[in-house]
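This is run_12.txt (compact mmCIF, C-alpha atoms).
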# COMPACT_ATOMS: atom_id res chain seq x y z
CA MET A 168 12.84 5.08 21.55
CA SER A 169 9.41 6.03 22.91
CA GLY A 170 8.86 8.28 19.90
CA VAL A 171 9.73 5.43 17.53
CA LEU A 172 7.33 3.06 19.30
CA GLU A 173 4.57 5.68 19.20
CA ALA A 174 5.10 6.15 15.48
CA LEU A 175 5.18 2.39 14.82
CA VAL A 176 1.89 1.89 16.66
CA HIS A 177 0.29 4.25 14.15
CA VAL A 178 2.31 3.34 11.06
CA VAL A 179 2.27 -0.49 11.18
CA PRO A 180 -1.55 -0.84 10.71
CA ILE A 181 -1.34 1.54 7.74
CA ALA A 182 1.53 -0.49 6.27
CA ILE A 183 -0.57 -3.65 6.62
CA ALA A 184 -3.37 -1.91 4.71
CA VAL A 185 -0.90 -1.04 1.94
CA ALA A 186 0.28 -4.66 1.86
CA ALA A 187 -3.30 -5.93 1.61
CA SER A 188 -4.11 -3.78 -1.42
CA SER A 189 -5.62 -6.09 -4.03
CA VAL A 190 -4.36 -4.55 -7.29
CA PRO A 191 -0.59 -4.99 -6.77
CA ILE A 192 -1.16 -8.48 -5.34
CA LEU A 193 -3.26 -9.55 -8.34
CA VAL A 194 -0.74 -8.06 -10.76
CA THR A 195 2.09 -9.86 -8.95
CA LEU A 196 0.29 -13.21 -9.04
CA THR A 197 -0.61 -12.80 -12.70
CA ILE A 198 2.99 -12.01 -13.60
CA LEU A 199 4.29 -15.01 -11.67
CA LEU A 200 1.83 -17.36 -13.34
CA SER A 201 2.61 -16.08 -16.84
CA PRO A 202 5.26 -17.25 -19.31
CA ASN A 203 6.84 -13.82 -18.83
CA ALA A 204 7.50 -14.34 -15.11
CA GLU A 205 11.26 -14.81 -15.24
CA ARG A 206 12.07 -11.52 -16.96
CA LEU A 207 9.21 -9.40 -15.58
CA SER A 208 8.87 -10.23 -11.87
CA GLY A 209 12.23 -8.75 -10.80
CA PRO A 210 11.78 -5.39 -12.59
CA PHE A 211 8.17 -5.16 -11.36
CA LEU A 212 9.31 -5.65 -7.74
CA ALA A 213 12.10 -3.09 -8.20
CA GLY A 214 9.62 -0.56 -9.59
CA TRP A 215 7.20 -1.21 -6.74
CA LEU A 216 9.93 -0.66 -4.13
CA VAL A 217 11.40 2.42 -5.82
CA GLY A 218 7.97 4.00 -6.31
CA MET A 219 6.88 3.33 -2.74
CA THR A 220 10.17 4.54 -1.28
CA ALA A 221 10.08 7.76 -3.32
CA LEU A 222 6.49 8.51 -2.30
CA VAL A 223 7.05 7.70 1.36
CA ILE A 224 10.11 9.95 1.55
CA GLY A 225 8.43 12.71 -0.47
CA CYS A 226 5.26 12.71 1.66
CA THR A 227 7.32 12.62 4.87
CA VAL A 228 9.33 15.65 3.74
CA LEU A 229 6.14 17.51 2.78
CA ALA A 230 4.56 16.66 6.15
CA GLU A 231 7.44 18.47 7.84
CA ALA A 232 6.07 21.72 6.39
CA LEU A 233 3.04 21.54 8.71
CA PRO A 234 3.02 24.18 11.48
CA ARG A 235 5.02 23.46 14.62
CA GLU A 236 5.10 24.87 18.13
CA GLY A 237 5.33 28.65 18.08
CA SER A 238 3.43 28.96 14.81
CA GLY A 239 0.17 30.02 16.47
CA ARG A 240 -1.24 26.51 16.68
CA LYS A 241 -0.84 23.71 19.17
CA PRO A 242 2.16 21.54 18.18
CA ASN A 243 0.07 18.64 16.85
CA GLU A 244 -3.13 20.45 15.91
CA ALA A 245 -2.24 20.88 12.24
CA VAL A 246 -1.22 17.20 12.00
CA GLY A 247 -4.46 16.15 13.68
CA ILE A 248 -6.61 18.17 11.29
CA ALA A 249 -4.72 16.76 8.31
CA GLU A 250 -5.17 13.20 9.63
CA ILE A 251 -8.91 13.71 10.04
CA VAL A 252 -9.19 14.95 6.45
CA VAL A 253 -7.11 12.03 5.12
CA GLY A 254 -9.10 9.53 7.22
CA VAL A 255 -12.38 10.84 5.79
CA LEU A 256 -10.96 10.55 2.26
CA ILE A 257 -9.86 6.96 2.92
CA ILE A 258 -13.38 6.06 4.07
CA ALA A 259 -14.81 7.82 1.00
CA VAL A 260 -12.55 5.76 -1.29
CA ALA A 261 -13.67 2.58 0.52
CA ALA A 262 -17.33 3.55 0.09
CA ILE A 263 -16.90 4.38 -3.60
CA GLY A 264 -15.20 1.03 -4.16
CA ARG A 265 -18.09 -0.81 -2.54
CA LEU A 266 -20.80 1.18 -4.35
CA ARG A 267 -19.19 0.82 -7.76
CA LYS A 268 -21.05 -1.68 -9.89
CA PRO A 269 -19.11 -4.97 -9.90
CA GLY A 270 -18.28 -6.79 -13.09
CA VAL A 271 -19.47 -10.23 -14.01
CA ALA A 272 -18.76 -12.69 -11.24
CA SER A 273 -15.89 -14.97 -12.08
CA ASP A 274 -13.20 -17.05 -10.49
CA GLU A 275 -10.69 -15.50 -12.90
CA PRO A 276 -8.82 -12.21 -12.40
CA PRO A 277 -9.96 -9.13 -14.38
CA LYS A 278 -9.31 -9.45 -18.11
CA TRP A 279 -7.02 -6.41 -18.24
CA LEU A 280 -4.42 -8.36 -16.22
CA ALA A 281 -3.84 -10.54 -19.29
CA SER A 282 -1.83 -7.66 -20.79
CA MET A 283 0.94 -8.41 -18.26
CA ASN A 284 2.11 -11.18 -20.59
CA ARG A 285 3.14 -8.63 -23.22
CA LEU A 286 5.25 -6.34 -21.04
CA GLY A 287 9.02 -6.08 -21.13
CA PRO A 288 11.36 -5.47 -18.15
CA TRP A 289 11.30 -1.68 -18.36
CA GLU A 290 7.53 -1.63 -18.75
CA GLY A 291 7.28 -3.94 -15.74
CA PHE A 292 9.45 -1.57 -13.71
CA ALA A 293 7.30 1.39 -14.74
CA LEU A 294 4.10 -0.49 -13.90
CA GLY A 295 5.40 -1.34 -10.42
CA ALA A 296 6.28 2.30 -9.78
CA VAL A 297 3.03 3.73 -11.17
CA LEU A 298 0.81 1.39 -9.11
CA ASN A 299 1.89 3.38 -6.05
CA LEU A 300 0.05 6.40 -7.49
CA ARG A 301 -3.40 4.90 -7.03
CA PRO A 302 -5.63 7.02 -4.72
CA LYS A 303 -5.79 4.28 -2.05
CA SER A 304 -2.03 3.90 -1.94
CA LEU A 305 -1.39 7.65 -1.95
CA LEU A 306 -3.82 8.32 0.90
CA LEU A 307 -2.35 5.54 3.02
CA ILE A 308 1.19 6.79 2.46
CA VAL A 309 0.12 10.34 3.35
CA ALA A 310 -1.50 9.00 6.53
CA ALA A 311 1.74 7.23 7.45
CA ALA A 312 3.78 10.38 6.79
CA LEU A 313 1.47 12.38 9.05
CA SER A 314 1.88 9.80 11.82
CA VAL A 315 5.67 10.11 11.54
CA ARG A 316 5.41 13.90 11.61
CA GLY A 317 3.17 13.79 14.68
CA ALA A 318 5.67 11.66 16.60
CA GLU A 319 8.36 14.40 16.41
CA LEU A 320 11.20 12.01 15.56
CA THR A 321 14.86 12.64 14.82
CA THR A 322 16.15 11.94 11.31
CA GLY A 323 17.53 8.56 12.36
CA GLN A 324 14.32 7.55 14.11
CA THR A 325 12.29 8.63 11.09
CA ALA A 326 14.46 6.45 8.86
CA ILE A 327 13.83 3.41 11.09
CA VAL A 328 10.05 3.90 10.98
CA LEU A 329 10.01 4.46 7.22
CA VAL A 330 12.06 1.31 6.58
CA VAL A 331 9.59 -0.74 8.67
CA PHE A 332 6.69 0.80 6.74
CA ILE A 333 8.23 0.07 3.33
CA VAL A 334 9.23 -3.50 4.24
CA LEU A 335 5.74 -4.32 5.51
CA GLY A 336 3.94 -2.45 2.75
CA ALA A 337 5.90 -4.16 -0.01
CA SER A 338 5.85 -7.63 1.58
CA THR A 339 2.86 -9.04 -0.31
CA VAL A 340 4.59 -8.23 -3.61
CA ALA A 341 8.12 -9.16 -2.54
CA VAL A 342 7.44 -12.47 -0.73
CA PRO A 343 5.60 -14.24 -3.60
CA ILE A 344 8.23 -13.11 -6.11
CA ILE A 345 11.12 -14.28 -3.93
CA ALA A 346 9.35 -17.57 -3.14
CA ALA A 347 8.67 -18.20 -6.83
CA LYS A 348 12.33 -17.66 -7.68
CA VAL A 349 13.53 -19.96 -4.90
CA SER A 350 11.08 -22.80 -5.54
CA PRO A 351 8.88 -22.21 -8.61
CA SER A 352 7.39 -25.72 -8.80
CA ARG A 353 6.24 -25.76 -5.18
CA THR A 354 4.99 -22.18 -5.27
CA ALA A 355 2.87 -22.27 -8.45
CA PRO A 356 -0.18 -24.16 -7.04
CA LYS A 357 -0.31 -21.82 -4.03
CA LEU A 358 -0.09 -18.77 -6.29
CA THR A 359 -2.94 -20.07 -8.44
CA ALA A 360 -5.15 -20.67 -5.41
CA MET A 361 -4.30 -17.25 -4.02
CA ARG A 362 -5.11 -15.51 -7.29
CA GLU A 363 -8.50 -17.22 -7.50
CA TRP A 364 -9.30 -16.25 -3.90
CA MET A 365 -8.22 -12.65 -4.47
CA ALA A 366 -10.29 -12.39 -7.65
CA ARG A 367 -13.41 -13.40 -5.70
CA HIS A 368 -12.91 -11.55 -2.43
CA SER A 369 -10.52 -8.65 -3.02
CA ARG A 370 -13.17 -5.92 -3.17
CA THR A 371 -14.71 -6.93 0.14
CA VAL A 372 -11.38 -7.36 1.93
CA THR A 373 -9.95 -4.09 0.62
CA GLY A 374 -13.11 -2.17 1.47
CA LEU A 375 -13.20 -3.42 5.07
CA ILE A 376 -9.50 -2.73 5.63
CA LEU A 377 -9.78 0.81 4.24
CA LEU A 378 -12.83 1.48 6.42
CA VAL A 379 -11.02 0.33 9.56
CA ILE A 380 -7.87 2.29 8.71
CA GLY A 381 -9.88 5.39 7.84
CA VAL A 382 -11.57 5.34 11.26
CA PHE A 383 -8.20 4.64 12.90
CA VAL A 384 -6.59 7.66 11.22
CA ILE A 385 -9.54 9.90 12.14
CA VAL A 386 -9.42 8.83 15.80
CA THR A 387 -5.66 9.43 15.83
CA GLY A 388 -6.20 12.91 14.41
CA ILE A 389 -8.89 13.75 16.95
CA GLY A 390 -6.52 12.66 19.72
CA ARG A 391 -3.99 15.27 18.60
CA LEU A 392 -6.42 18.22 18.83
Mind converting the file's structure to structure tokens?
Amino acid sequence: MSGVLEALVHVVPIAIAVAASSVPILVTLTILLSPNAERLSGPFLAGWLVGMTALVIGCTVLAEALPREGSGRKPNEAVGIAEIVVGVLIIAVAAIGRLRKPGVASDEPPKWLASMNRLGPWEGFALGAVLNLRPKSLLLIVAAALSVRGAELTTGQTAIVLVVFIVLGASTVAVPIIAAKVSPSRTAPKLTAMREWMARHSRTVTGLILLVIGVFVIVTGIGRL
């Protein structure tokens, strides 16, 4: 189990960064606070889970193509170099997000989120899946796949680590949706307060988390060289 623990030490912080991503959280909150919540929230969550699972598995399989022992490189050297590159890209995305000119300050979510009210179940499913293709999400999933590859796990151990990653990464979408279905009246005020807070502070929070994770991935990569 030492390999699993090693992988989890690297993967869990990345999963938390995925969970803290502002766009899927804001979309989730907007859906839940809309008249369309009952028919859209379930498909959106399903799409989010399916999209994340497919990307995590795909990136993990691709990471297995990196050179191994006997290929002319040190066993983890190729993984380390890839992690350094991905870490730099994560920091670059964080910097671009901070330098981008902000919109008009407001306590309300971005106006484009209002379109969630017009989506049907299949469109909600597609939206949940496609949100995983954002550059931030893709880079974080690639970083997690590289961490799994670097730990040299068996197939069963890899499955355990990936399930933990997906559960944690999807938690900030899944938990509000489940809570709203169980107790909608008690959940609504909390969802409203959360959406207002996210609308004001999401850029700062996301930028700081990406910066920390980018440095973390770079340091991990350097340690493998």
### Query
Skipping near chain neighbours, those fewer than 3 positions away, what residues fall within 7 Å of Gly254 of chain A using all atoms listed in the file, listed as number ranges by chain?
A: 250-251, 257-258, 381-382, 384-385
### Task
Just give me the residues with any atom within 10 Å of (11.2, -10.1, -10.6), file coordinates, counting only C-alpha atoms, written as a PyMOL selection string.
chain A and resi 195+198-199+204-214+288+291-292+340-341+343-345+347-348
### Spatial neighbours of Leu298 of chain A, max dist 10 Å, only C-alpha atoms, sep filter under 5 positions, as a VMD selection string
chain A and resid 190 to 191 194 214 to 215 218 to 219 293 304 to 305
### Task
Considering only C-alpha atoms, return as a PyMOL selection string whatever protein or nucleic-acid residues lie within 9 Å of segment 176-180 of chain A, sequence-local ones (same chain, fewer than 6 positions apart) excluded.
chain A and resi 310-312+314-315+328-329+331-332+335-336+380+383-384+387
### Message
Need to verify the contact set: segment 358-364 of chain A, 12 Å, all atoms listed in the file, exclusion of same-chain residues closer than 5 positions in sequence. Can you return it as an MDAnalysis selection string?
### Response
chainID A and resid 189:201 272:277 280 339:340 342:344 346:347 350:353 369:372
#### Entry: Pairwise distance for atom CA of Ala245 of chain A and atom CA of Thr227 of chain A, rounded to one decimal in Å
14.6 Å
#### Entry: Pick from A:Leu320, A:Ala182, A:Ala249, A:Val171, whichever lies nearest to Ile333 of chain A using only C-alpha atoms
A:Ala182
### Message
Please compute the atom CA of Val223 of chain A-atom CA of Ala366 of chain A distance, one decimal, in Å.
### Response
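Computing the Euclidean distance for atom CA of Val223 of chain A and atom CA of Ala366 of chain A yields 28.0 Å.
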